[in-house]
Amino acid sequence: MKYILRIFTILFAIAICESAYSNDISKAFMPEFENATVVYIDKNNAQYRSTVSFTIRQISLFPKQIYKLEKKGEGACDKYGEIFWKQNAVMEEIDGFLYTQESNCAIKDAKGKLLTRYERRYDYLNKKIYWRQFNENNTLIKEAVFPIKGKTCDDITLPFFLKPYVAHRGEKRYRSYYLLSNEPKLYKVIILPQGEEKLSLPLGEIKAVKLKLRSDISIIDDVLDRFVPQTFIWYSSTEPYVWLKYEGLETGFPSAYVTTILTDYSGKIP
């Protein structure tokens with residue numbers, strides 16, 4: 001009898017876990033697996049700059065929902081010409097938001113020689129972000145510490161971090177966030193919903209949600225809009241809010257003004 005009860009308890013626990021985590025899409029609208037390719041184009045002259053492919057997968061479900069992101073790029077980026085780079089990040093989903101735990105980037109020339117490397121580590125317990133840069137000899141050459149003032153992401157995790165903001169666009173809790181750039185600088189960003197529109201992409205015509213992302217610099221915001229390239233990002237209009245397009249600075253100021261376009265995607269875009 002005790003053996004039967006023990007088996008029943010185990011099966012009941014498994015059933016609860018399966019019920020709680022049976023959906024393919026999480027509360028932060030993250031699938032268990034996703035890969036895609038995007039192309040970067042210089043908006044000013046319509047010239048090709050680079051191609052970036054990425055894979056994101058859920059590596060832990062219980063007790064923590066952890067996602068690992070891997071990106072590979074080749075072409076021109078920031079101040080570099082023909083280069084190759086790899087980016088990695090680890091994110092944890094908590095209460096429907098994505099919290100970046102760490103991210104890094106290694107940039108190499110056409111012959112595979114390291115040019116520079118960046119690391120970012122997020123310490124939520126002490127509310128600090130540790131940023132470090134290394135040179136071609138893998139020697140630390142620059143470091144900085146930033147406070148965690150609220151929900152924060154970086155250039156690597158931004159397209160995934162913003163998914164809950166797309167879903168809840170316009171709600172007070174989802175109007176702003178913080179962005180850590182590789183300059184390095186920490187910006188507060190205001191989200192301004194721009195409605196919906198149809199995008200003509202290599203994957204077809206897709207109904208999209210458009211957001212404007214603007215640095216919160218108080219009274220000079222309107223002046224900046226006239227002289228600094230504006231930033232927009234598009235997602236599919238329904239779950240799982242697939243990232244479709246980006247328009248803005250490639251990295252920090254004053255990098256190239258680019259448009260990125262989704263050219264290949266592993267799943268079905270609603």
# chains A, B, ... in the order shown; residues from 1 in each chain; ligands from 1

$ residues_around --residues "range 122-138 of chain A" --least-positions-apart "3" --cutoff "12 Å" --atoms "only C-alpha atoms" --output "PyMOL selection string"
chain A and resi 89-92+99-109+112-119+141-154+178-186

$ residues_around --residues "Leu201 in chain A" --least-positions-apart "6" --cutoff "12 Å" --atoms "only C-alpha atoms" --output "list in words"
Val38, Val39, Lys207, Ala208, Trp234, Ser236, Leu244, Lys245, Thr260, Ile261, Leu262, Thr263, Asp264, Tyr265 and Ile269 of chain A

$ write_last_selection --atoms "C-alpha atoms" --output "tab-separated table (two decimals), in the first residue's frame"
chain	number	residue	atom	x	y	z
A	38	VAL	CA	19.01	38.69	-39.96
A	39	VAL	CA	20.77	40.92	-42.49
A	207	LYS	CA	1.47	42.18	-39.76
A	208	ALA	CA	3.75	43.87	-37.25
A	234	TRP	CA	9.13	45.67	-35.13
A	236	SER	CA	4.91	40.08	-35.17
A	244	LEU	CA	11.16	41.10	-37.44
A	245	LYS	CA	13.08	44.33	-38.00
A	260	THR	CA	18.07	44.81	-39.93
A	261	ILE	CA	15.68	42.44	-41.68
A	262	LEU	CA	14.66	38.91	-40.72
A	263	THR	CA	15.49	36.64	-43.67
A	264	ASP	CA	15.14	33.17	-42.17
A	265	TYR	CA	13.21	31.79	-39.19
A	269	ILE	CA	5.28	33.50	-37.84

$ atom_distance --atom1 "CA of Arg214 in chain A" --atom2 "CA of Phe232 in chain A"
8.8 Å

$ residues_around --residues "Leu213 in chain A" --least-positions-apart "4" --cutoff "7 Å" --atoms "only C-alpha atoms" --output "ChimeraX atom specification"
/A:189-192,231-232

$ write_last_selection --atoms "all heavy atoms" --output "PDB file, in the first residue's frame"
ATOM      1  N   VAL A 189      15.542  54.121 -21.418  1.00  0.00           N
ATOM      2  CA  VAL A 189      14.869  54.175 -22.705  1.00  0.00           C
ATOM      3  C   VAL A 189      13.358  54.204 -22.508  1.00  0.00           C
ATOM      4  O   VAL A 189      12.810  53.428 -21.723  1.00  0.00           O
ATOM      5  CB  VAL A 189      15.255  52.967 -23.583  1.00  0.00           C
ATOM      6  CG1 VAL A 189      14.577  53.052 -24.946  1.00  0.00           C
ATOM      7  CG2 VAL A 189      16.766  52.893 -23.753  1.00  0.00           C
ATOM      8  N   ILE A 190      12.712  55.102 -23.216  1.00  0.00           N
ATOM      9  CA  ILE A 190      11.254  55.217 -23.193  1.00  0.00           C
ATOM     10  C   ILE A 190      10.689  54.501 -24.408  1.00  0.00           C
ATOM     11  O   ILE A 190      11.200  54.655 -25.525  1.00  0.00           O
ATOM     12  CB  ILE A 190      10.817  56.695 -23.211  1.00  0.00           C
ATOM     13  CG1 ILE A 190      11.460  57.456 -22.047  1.00  0.00           C
ATOM     14  CG2 ILE A 190       9.294  56.799 -23.144  1.00  0.00           C
ATOM     15  CD1 ILE A 190      11.096  56.945 -20.685  1.00  0.00           C
ATOM     16  N   ILE A 191       9.632  53.720 -24.202  1.00  0.00           N
ATOM     17  CA  ILE A 191       8.980  52.980 -25.284  1.00  0.00           C
ATOM     18  C   ILE A 191       7.734  53.734 -25.734  1.00  0.00           C
ATOM     19  O   ILE A 191       6.843  54.025 -24.928  1.00  0.00           O
ATOM     20  CB  ILE A 191       8.600  51.565 -24.824  1.00  0.00           C
ATOM     21  CG1 ILE A 191       9.847  50.792 -24.407  1.00  0.00           C
ATOM     22  CG2 ILE A 191       7.861  50.821 -25.937  1.00  0.00           C
ATOM     23  CD1 ILE A 191       9.559  49.444 -23.797  1.00  0.00           C
ATOM     24  N   LEU A 192       7.671  54.039 -27.018  1.00  0.00           N
ATOM     25  CA  LEU A 192       6.538  54.769 -27.581  1.00  0.00           C
ATOM     26  C   LEU A 192       5.881  53.910 -28.660  1.00  0.00           C
ATOM     27  O   LEU A 192       6.391  53.793 -29.780  1.00  0.00           O
ATOM     28  CB  LEU A 192       7.008  56.102 -28.192  1.00  0.00           C
ATOM     29  CG  LEU A 192       7.739  57.045 -27.236  1.00  0.00           C
ATOM     30  CD1 LEU A 192       8.369  58.196 -28.001  1.00  0.00           C
ATOM     31  CD2 LEU A 192       6.774  57.578 -26.185  1.00  0.00           C
ATOM     32  N   THR A 231      15.206  55.434 -33.421  1.00  0.00           N
ATOM     33  CA  THR A 231      15.284  53.989 -33.268  1.00  0.00           C
ATOM     34  C   THR A 231      13.885  53.377 -33.247  1.00  0.00           C
ATOM     35  O   THR A 231      13.027  53.800 -32.473  1.00  0.00           O
ATOM     36  CB  THR A 231      16.019  53.617 -31.962  1.00  0.00           C
ATOM     37  OG1 THR A 231      17.324  54.205 -31.977  1.00  0.00           O
ATOM     38  CG2 THR A 231      16.150  52.111 -31.831  1.00  0.00           C
ATOM     39  N   PHE A 232      13.686  52.372 -34.106  1.00  0.00           N
ATOM     40  CA  PHE A 232      12.412  51.660 -34.163  1.00  0.00           C
ATOM     41  C   PHE A 232      12.682  50.159 -34.159  1.00  0.00           C
ATOM     42  O   PHE A 232      13.740  49.696 -34.606  1.00  0.00           O
ATOM     43  CB  PHE A 232      11.638  52.018 -35.437  1.00  0.00           C
ATOM     44  CG  PHE A 232      11.295  53.469 -35.567  1.00  0.00           C
ATOM     45  CD1 PHE A 232      12.072  54.316 -36.342  1.00  0.00           C
ATOM     46  CD2 PHE A 232      10.181  53.998 -34.914  1.00  0.00           C
ATOM     47  CE1 PHE A 232      11.766  55.663 -36.466  1.00  0.00           C
ATOM     48  CE2 PHE A 232       9.867  55.343 -35.031  1.00  0.00           C
ATOM     49  CZ  PHE A 232      10.657  56.177 -35.810  1.00  0.00           C
TER      50      PHE A 232
END

$ atom_distance --atom1 "CA of Gln230 in chain A" --atom2 "CA of Tyr257 in chain A"
9.1 Å

$ atom_distance --atom1 "CA of Pro270 in chain A" --atom2 "CA of Leu158 in chain A"
21.2 Å

$ select_by_dssp --residues "range 99-128 of chain A" --states "strand (DSSP E or B)" --output "PyMOL selection string"
chain A and resi 99-109+114-123+128

$ write_last_selection --atoms "C-alpha atoms" --output "short mmCIF file (atom, residue, chain, number, x, y, z; two decimals), in the first residue's frame"
data_model
loop_
_atom_site.label_atom_id
_atom_site.label_comp_id
_atom_site.auth_asym_id
_atom_site.auth_seq_id
_atom_site.Cartn_x
_atom_site.Cartn_y
_atom_site.Cartn_z
CA TYR A 99 16.74 39.04 -16.63
CA THR A 100 20.14 38.90 -18.33
CA GLN A 101 22.63 37.05 -16.15
CA GLU A 102 25.68 37.47 -18.34
CA SER A 103 26.64 38.30 -21.92
CA ASN A 104 29.86 38.41 -23.90
CA CYS A 105 31.21 39.19 -27.35
CA ALA A 106 34.45 38.15 -29.10
CA ILE A 107 35.49 39.90 -32.34
CA LYS A 108 38.05 38.39 -34.73
CA ASP A 109 39.56 39.46 -38.04
CA LEU A 114 41.20 38.13 -31.76
CA LEU A 115 40.68 41.89 -32.01
CA THR A 116 38.76 42.56 -28.82
CA ARG A 117 36.44 40.89 -26.34
CA TYR A 118 33.69 42.19 -24.03
CA GLU A 119 32.13 40.69 -20.90
CA ARG A 120 29.09 41.77 -18.89
CA ARG A 121 27.99 40.22 -15.61
CA TYR A 122 24.73 41.15 -13.87
CA ASP A 123 24.71 40.97 -10.07
CA LYS A 128 25.43 46.14 -10.09
#

$ closest_residue --among "A:Gly73, A:Pro159, A:Pro164, A:Gly81" --to "Ala28 in chain A" --atoms "only C-alpha atoms"
A:Pro164

$ residues_around --residues "Tyr165 in chain A" --least-positions-apart "2" --cutoff "10 Å" --atoms "only C-alpha atoms" --output "list in words"
Ala28, Phe97, Phe160, Phe161, Leu162, Lys163, Ala167, His168, Arg169, Gly170, Glu171, Arg173, Tyr174, Arg175, Ser176, Tyr177, Ile191, Pro193 and Leu211 of chain A

$ write_last_selection --atoms "C-alpha atoms" --output "compact mmCIF listing (two decimals), in the first residue's frame"
# COMPACT_ATOMS: atom_id res chain seq x y z
CA ALA A 28 7.83 36.12 -21.44
CA PHE A 97 10.35 39.27 -17.60
CA PHE A 160 14.17 39.03 -26.69
CA PHE A 161 14.00 41.20 -23.58
CA LEU A 162 11.40 43.46 -25.25
CA LYS A 163 8.85 40.74 -26.04
CA ALA A 167 2.61 42.21 -25.50
CA HIS A 168 1.74 44.83 -22.85
CA ARG A 169 2.55 47.95 -24.88
CA GLY A 170 1.02 51.08 -23.45
CA GLU A 171 0.67 49.71 -19.91
CA ARG A 173 4.67 48.95 -16.08
CA TYR A 174 6.00 48.46 -19.60
CA ARG A 175 6.88 52.01 -20.67
CA SER A 176 10.61 52.12 -19.97
CA TYR A 177 13.73 50.06 -19.36
CA ILE A 191 8.98 52.98 -25.28
CA PRO A 193 4.04 52.43 -29.36
CA LEU A 211 7.75 50.56 -31.28

$ closest_residue --among "A:Ser266, A:Thr259, A:Thr157, A:Thr139" --to "Asn44 in chain A" --atoms "only C-alpha atoms"
A:Thr259

$ residues_around --residues "Ile56 in chain A" --least-positions-apart "3" --cutoff "10 Å" --atoms "only C-alpha atoms" --output "list in words"
Met30, Pro31, Glu32, Phe33, Glu34, Asn35, Ala36, Ile59, Tyr67, Lys68, Leu69, Glu70, Lys71, Asn88, Ala89, Val90 and Phe160 of chain A
